[in-house]
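**Q** Please find work-v1.pdb (PDB, C-alpha atoms) on the next line:
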ATOM      1  CA  MET A   1       3.806  -7.656 -14.973
ATOM      2  CA  PHE A   2       3.416  -4.211 -13.435
ATOM      3  CA  GLN A   3       3.742  -2.473 -10.107
ATOM      4  CA  GLU A   4       1.699   0.081  -8.276
ATOM      5  CA  LEU A   5       3.510   3.057  -6.821
ATOM      6  CA  ARG A   6       1.248   4.306  -4.037
ATOM      7  CA  GLN A   7       1.810   7.631  -2.272
ATOM      8  CA  TYR A   8      -0.118   8.711   0.808
ATOM      9  CA  LYS A   9      -0.207  11.788   2.974
ATOM     10  CA  ILE A  10      -0.094  10.815   6.641
ATOM     11  CA  ARG A  11      -1.405  13.072   9.400
ATOM     12  CA  GLU A  12       1.217  15.328  10.955
ATOM     13  CA  GLY A  13       2.931  13.544  13.853
ATOM     14  CA  LYS A  14       1.422  10.141  12.976
ATOM     15  CA  MET A  15       4.146   8.708  10.697
ATOM     16  CA  ASP A  16       5.689   6.423  13.331
ATOM     17  CA  ALA A  17       2.244   5.009  14.182
ATOM     18  CA  TRP A  18       1.462   4.626  10.457
ATOM     19  CA  VAL A  19       4.681   2.759   9.674
ATOM     20  CA  GLU A  20       4.154   0.485  12.671
ATOM     21  CA  PHE A  21       0.568  -0.233  11.543
ATOM     22  CA  MET A  22       1.684  -0.881   7.961
ATOM     23  CA  GLU A  23       4.480  -3.230   9.010
ATOM     24  CA  ALA A  24       2.606  -5.060  11.774
ATOM     25  CA  VAL A  25      -0.910  -5.239  10.285
ATOM     26  CA  ILE A  26      -1.520  -4.038   6.732
ATOM     27  CA  ILE A  27       1.462  -5.561   4.926
ATOM     28  CA  PRO A  28       1.215  -8.971   6.658
ATOM     29  CA  PHE A  29      -2.543  -9.063   6.010
ATOM     30  CA  GLN A  30      -2.154  -8.210   2.332
ATOM     31  CA  VAL A  31       0.692 -10.707   1.921
ATOM     32  CA  SER A  32      -1.502 -13.390   3.531
ATOM     33  CA  LYS A  33      -4.038 -12.740   0.762
ATOM     34  CA  GLY A  34      -1.365 -13.099  -1.961
ATOM     35  CA  MET A  35      -0.175  -9.502  -2.517
ATOM     36  CA  VAL A  36       3.513  -9.037  -3.334
ATOM     37  CA  ILE A  37       4.845  -5.949  -1.550
ATOM     38  CA  THR A  38       8.099  -4.763  -3.120
ATOM     39  CA  GLY A  39       8.882  -1.687  -1.043
ATOM     40  CA  SER A  40       7.839   0.525   1.863
ATOM     41  CA  TYR A  41       9.244   4.040   2.340
ATOM     42  CA  ARG A  42       8.779   7.216   4.340
ATOM     43  CA  GLY A  43       9.780  10.671   3.185
ATOM     44  CA  GLU A  44      13.242  11.756   4.242
ATOM     45  CA  SER A  45      12.417  15.461   4.454
ATOM     46  CA  ASP A  46       8.591  15.336   4.221
ATOM     47  CA  SER A  47       7.295  13.918   7.506
ATOM     48  CA  THR A  48       3.852  13.275   5.972
ATOM     49  CA  LEU A  49       4.926  11.292   2.862
ATOM     50  CA  TYR A  50       4.572   7.501   2.797
ATOM     51  CA  VAL A  51       5.241   5.495  -0.383
ATOM     52  CA  TRP A  52       4.957   1.787  -1.079
ATOM     53  CA  THR A  53       4.975  -0.523  -4.071
ATOM     54  CA  ARG A  54       3.145  -3.730  -4.941
ATOM     55  CA  ARG A  55       3.728  -6.089  -7.892
ATOM     56  CA  PHE A  56       1.064  -7.854  -9.945
ATOM     57  CA  ALA A  57       1.487 -10.473 -12.663
ATOM     58  CA  SER A  58      -1.587  -9.254 -14.560
ATOM     59  CA  GLU A  59      -4.695  -7.107 -14.369
ATOM     60  CA  ALA A  60      -6.726 -10.233 -13.578
ATOM     61  CA  GLU A  61      -4.480 -10.986 -10.589
ATOM     62  CA  ARG A  62      -4.726  -7.384  -9.398
ATOM     63  CA  GLY A  63      -8.527  -7.532  -9.531
ATOM     64  CA  ARG A  64      -8.638 -10.829  -7.656
ATOM     65  CA  LEU A  65      -6.261  -9.581  -4.952
ATOM     66  CA  TYR A  66      -8.051  -6.252  -4.564
ATOM     67  CA  ASP A  67     -11.280  -8.173  -4.013
ATOM     68  CA  ALA A  68      -9.663 -10.545  -1.493
ATOM     69  CA  VAL A  69      -8.203  -7.652   0.501
ATOM     70  CA  TYR A  70     -10.595  -4.728   0.257
ATOM     71  CA  ASN A  71     -13.867  -6.669   0.341
ATOM     72  CA  SER A  72     -12.842  -8.767   3.335
ATOM     73  CA  ASP A  73     -14.497  -8.297   6.720
ATOM     74  CA  THR A  74     -11.056  -7.874   8.284
ATOM     75  CA  TRP A  75     -10.274  -4.917   6.016
ATOM     76  CA  LYS A  76     -13.690  -3.289   6.372
ATOM     77  CA  ASN A  77     -14.108  -3.771  10.128
ATOM     78  CA  ASP A  78     -10.596  -3.776  11.581
ATOM     79  CA  ILE A  79      -8.117  -2.147   9.209
ATOM     80  CA  ALA A  80      -9.978   0.585   7.292
ATOM     81  CA  PRO A  81     -11.114   2.503  10.408
ATOM     82  CA  LYS A  82      -7.530   2.757  11.673
ATOM     83  CA  VAL A  83      -6.311   3.848   8.217
ATOM     84  CA  GLY A  84      -8.769   6.734   8.412
ATOM     85  CA  GLU A  85      -7.346   7.818  11.762
ATOM     86  CA  LEU A  86      -3.754   7.958  10.483
ATOM     87  CA  MET A  87      -4.024   8.985   6.832
ATOM     88  CA  ASP A  88      -4.692  12.617   5.932
ATOM     89  CA  GLY A  89      -7.392  11.726   3.438
ATOM     90  CA  PRO A  90      -7.403  12.143  -0.323
ATOM     91  CA  PRO A  91      -5.683  12.567  -2.592
ATOM     92  CA  VAL A  92      -4.013   9.181  -2.665
ATOM     93  CA  SER A  93      -1.707   8.859  -5.648
ATOM     94  CA  VAL A  94      -1.597   5.467  -7.364
ATOM     95  CA  GLN A  95       0.579   5.085 -10.453
ATOM     96  CA  ARG A  96       0.951   1.889 -12.451
ATOM     97  CA  ILE A  97       4.566   1.447 -13.439
ATOM     98  CA  VAL A  98       6.460  -1.165 -15.462
ATOM     99  CA  SER A  99      10.075  -2.180 -15.039
ATOM    100  CA  THR A 100      12.630  -1.270 -17.657
ATOM    101  CA  PRO A 101      14.540  -4.175 -19.280
ATOM    102  CA  PHE A 102      17.501  -4.072 -16.889
ATOM    103  CA  SER A 103      15.639  -3.160 -13.709
ATOM    104  CA  PRO A 104      16.374  -5.448 -10.743
ATOM    105  CA  ALA A 105      12.695  -4.991  -9.769
ATOM    106  CA  GLN A 106      11.576  -7.550 -12.365
TER     107      GLN A 106
END
Please express what this file holds, its structure, as structure tokens.

**A**
Amino acid sequence: MFQELRQYKIREGKMDAWVEFMEAVIIPFQVSKGMVITGSYRGESDSTLYVWTRRFASEAERGRLYDAVYNSDTWKNDIAPKVGELMDGPPVSVQRIVSTPFSPAQ
């Protein structure tokens, strides 16, 4: 099992709209496809920092879920264009992380 720690830079002044879009559209859509979202955060002092985490049982599961989400018509036609309006482009930071033995995140 592993998690992805994903960090995005959101356009200045767009964080509230981004969080609303994540919580109302992106997270529910990804969960409906089988993704396990383990956290969603905004920067306390950096108004452009958004961080979230997702958990995967295996690399095979991650590949299957990526395909189900990112190759769907809903993602391509409805979600991705709005992401581009709110996110301040690359670089997106994605780190694969694994829980330590006593982590409650297991």

**Q** Measuring between only C-alpha atoms, which one of A:Glu23, A:Tyr70, A:Pro104, A:Arg96 shows the shortest distance to Ser58 in chain A?

**A**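 For Ser58 in chain A, the nearest of the given residues is A:Arg96.
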
**Q** Nearest residue to Val69 in chain A out of A:Met35, A:Ala24, A:Val94, A:Ile10, using all atoms listed in the file?

**A**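 Nearest candidate to Val69 in chain A out of A:Met35, A:Ala24, A:Val94, A:Ile10: A:Met35.
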
**Q** May I ask for the distance between CA of Arg42 in chain A and CA of Gln7 in chain A, given in Å to one decimal place?

**A**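 Computed distance, CA of Arg42 in chain A to CA of Gln7 in chain A, equals 9.6 Å.
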
**Q** When the PyMOL selection byres ((chain A and resi 1) around 8) is applied to the file above, which residues end up in the set, as a ChimeraX atom specification?

**A** /A:2-3,55-58,98

**Q** Once the PyMOL selection byres ((chain A and resi 15) around 12) has been evaluated on this model, what residues remain selected, and can you format them as a PDB file with C-alpha atoms, in the coordinates of the input?

**A**
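Result written to part-v1.pdb:
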ATOM      1  CA  TYR A   8      -0.118   8.711   0.808  1.00  0.00           C
ATOM      2  CA  LYS A   9      -0.207  11.788   2.974  1.00  0.00           C
ATOM      3  CA  ILE A  10      -0.094  10.815   6.641  1.00  0.00           C
ATOM      4  CA  ARG A  11      -1.405  13.072   9.400  1.00  0.00           C
ATOM      5  CA  GLU A  12       1.217  15.328  10.955  1.00  0.00           C
ATOM      6  CA  GLY A  13       2.931  13.544  13.853  1.00  0.00           C
ATOM      7  CA  LYS A  14       1.422  10.141  12.976  1.00  0.00           C
ATOM      8  CA  ASP A  16       5.689   6.423  13.331  1.00  0.00           C
ATOM      9  CA  ALA A  17       2.244   5.009  14.182  1.00  0.00           C
ATOM     10  CA  TRP A  18       1.462   4.626  10.457  1.00  0.00           C
ATOM     11  CA  VAL A  19       4.681   2.759   9.674  1.00  0.00           C
ATOM     12  CA  GLU A  20       4.154   0.485  12.671  1.00  0.00           C
ATOM     13  CA  PHE A  21       0.568  -0.233  11.543  1.00  0.00           C
ATOM     14  CA  MET A  22       1.684  -0.881   7.961  1.00  0.00           C
ATOM     15  CA  TYR A  41       9.244   4.040   2.340  1.00  0.00           C
ATOM     16  CA  ARG A  42       8.779   7.216   4.340  1.00  0.00           C
ATOM     17  CA  GLY A  43       9.780  10.671   3.185  1.00  0.00           C
ATOM     18  CA  GLU A  44      13.242  11.756   4.242  1.00  0.00           C
ATOM     19  CA  ASP A  46       8.591  15.336   4.221  1.00  0.00           C
ATOM     20  CA  SER A  47       7.295  13.918   7.506  1.00  0.00           C
ATOM     21  CA  THR A  48       3.852  13.275   5.972  1.00  0.00           C
ATOM     22  CA  LEU A  49       4.926  11.292   2.862  1.00  0.00           C
ATOM     23  CA  TYR A  50       4.572   7.501   2.797  1.00  0.00           C
ATOM     24  CA  VAL A  51       5.241   5.495  -0.383  1.00  0.00           C
ATOM     25  CA  VAL A  83      -6.311   3.848   8.217  1.00  0.00           C
ATOM     26  CA  GLU A  85      -7.346   7.818  11.762  1.00  0.00           C
ATOM     27  CA  LEU A  86      -3.754   7.958  10.483  1.00  0.00           C
ATOM     28  CA  MET A  87      -4.024   8.985   6.832  1.00  0.00           C
ATOM     29  CA  ASP A  88      -4.692  12.617   5.932  1.00  0.00           C
TER      30      ASP A  88
END

**Q** What is the distance, in Å and to one decimal place, between CA of Val25 in chain A and CA of Pro91 in chain A?

**A**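 Distance between the two atoms: 22.5 Å.
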
**Q** When you count all atoms listed in the file, which of these residues is closest to Glu4 in chain A: A:Ser40, A:Thr74, A:Thr53, A:Ser45?

**A**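 Once distances to Glu4 in chain A are computed over all atoms listed in the file, the minimum belongs to A:Thr53.
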
**Q** Rank A:Pro81, A:Gly39, A:Pro101, A:Gly34 by their smallest atom-to-atom distance to Arg64 in chain A, using only C-alpha atoms, and report the top residue only.

**A**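 Closest to Arg64 in chain A of all the choices is A:Gly34.
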
**Q** Taking into account all atoms listed in the file, which residue in the set A:Ser32, A:Asn71, A:Gln95, A:Asn77 is nearest to Leu5 in chain A?

**A**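 Nearest to Leu5 in chain A: A:Gln95.
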
**Q** Looking at only C-alpha atoms, which of A:Pro90, A:Arg6, A:Ser103, A:Lys33 is the one that sits closest to Ala68 in chain A?

**A**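 Nearest to Ala68 in chain A: A:Lys33.
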
**Q** By how many Å are CA of Ala80 in chain A and CA of Ala105 in chain A apart?

**A**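 About the pair CA of Ala80 in chain A and CA of Ala105 in chain A: they are 28.9 Å apart.
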
**Q** As an mmCIF file, in the coordinates of the input, could you write out range 85-97 of chain A once it has been completed with N, CA, C and O atoms?

**A**
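Final output, saved to result_36.cif:
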data_model
loop_
_atom_site.group_PDB
_atom_site.id
_atom_site.type_symbol
_atom_site.label_atom_id
_atom_site.label_comp_id
_atom_site.auth_asym_id
_atom_site.auth_seq_id
_atom_site.Cartn_x
_atom_site.Cartn_y
_atom_site.Cartn_z
ATOM 1 N N GLU A 85 -7.872 7.040 10.632
ATOM 2 C CA GLU A 85 -7.346 7.818 11.762
ATOM 3 C C GLU A 85 -5.941 8.346 11.489
ATOM 4 O O GLU A 85 -5.556 9.377 12.027
ATOM 5 N N LEU A 86 -5.161 7.621 10.688
ATOM 6 C CA LEU A 86 -3.754 7.958 10.483
ATOM 7 C C LEU A 86 -3.471 8.678 9.171
ATOM 8 O O LEU A 86 -2.544 9.474 9.085
ATOM 9 N N MET A 87 -4.261 8.393 8.144
ATOM 10 C CA MET A 87 -4.024 8.985 6.832
ATOM 11 C C MET A 87 -4.758 10.316 6.739
ATOM 12 O O MET A 87 -5.874 10.451 7.239
ATOM 13 N N ASP A 88 -4.120 11.282 6.079
ATOM 14 C CA ASP A 88 -4.692 12.617 5.932
ATOM 15 C C ASP A 88 -5.510 12.689 4.652
ATOM 16 O O ASP A 88 -5.305 13.543 3.807
ATOM 17 N N GLY A 89 -6.412 11.746 4.512
ATOM 18 C CA GLY A 89 -7.392 11.726 3.438
ATOM 19 C C GLY A 89 -6.858 11.834 2.023
ATOM 20 O O GLY A 89 -5.670 11.828 1.800
ATOM 21 N N PRO A 90 -7.789 11.982 1.075
ATOM 22 C CA PRO A 90 -7.403 12.143 -0.323
ATOM 23 C C PRO A 90 -6.573 13.405 -0.496
ATOM 24 O O PRO A 90 -6.666 14.295 0.323
ATOM 25 N N PRO A 91 -5.791 13.532 -1.504
ATOM 26 C CA PRO A 91 -5.683 12.567 -2.592
ATOM 27 C C PRO A 91 -4.625 11.501 -2.311
ATOM 28 O O PRO A 91 -3.571 11.799 -1.783
ATOM 29 N N VAL A 92 -4.966 10.282 -2.647
ATOM 30 C CA VAL A 92 -4.013 9.181 -2.665
ATOM 31 C C VAL A 92 -3.535 9.074 -4.103
ATOM 32 O O VAL A 92 -4.346 9.107 -5.024
ATOM 33 N N SER A 93 -2.252 8.974 -4.301
ATOM 34 C CA SER A 93 -1.707 8.859 -5.648
ATOM 35 C C SER A 93 -1.327 7.405 -5.911
ATOM 36 O O SER A 93 -0.546 6.825 -5.154
ATOM 37 N N VAL A 94 -1.922 6.832 -6.951
ATOM 38 C CA VAL A 94 -1.597 5.467 -7.364
ATOM 39 C C VAL A 94 -1.183 5.515 -8.826
ATOM 40 O O VAL A 94 -1.966 5.923 -9.685
ATOM 41 N N GLN A 95 0.047 5.116 -9.089
ATOM 42 C CA GLN A 95 0.579 5.085 -10.453
ATOM 43 C C GLN A 95 0.925 3.646 -10.795
ATOM 44 O O GLN A 95 1.553 2.952 -9.998
ATOM 45 N N ARG A 96 0.514 3.197 -11.961
ATOM 46 C CA ARG A 96 0.951 1.889 -12.451
ATOM 47 C C ARG A 96 2.257 2.102 -13.186
ATOM 48 O O ARG A 96 2.348 2.976 -14.055
ATOM 49 N N ILE A 97 3.249 1.318 -12.827
ATOM 50 C CA ILE A 97 4.566 1.447 -13.439
ATOM 51 C C ILE A 97 5.041 0.076 -13.916
ATOM 52 O O ILE A 97 4.645 -0.951 -13.374
#
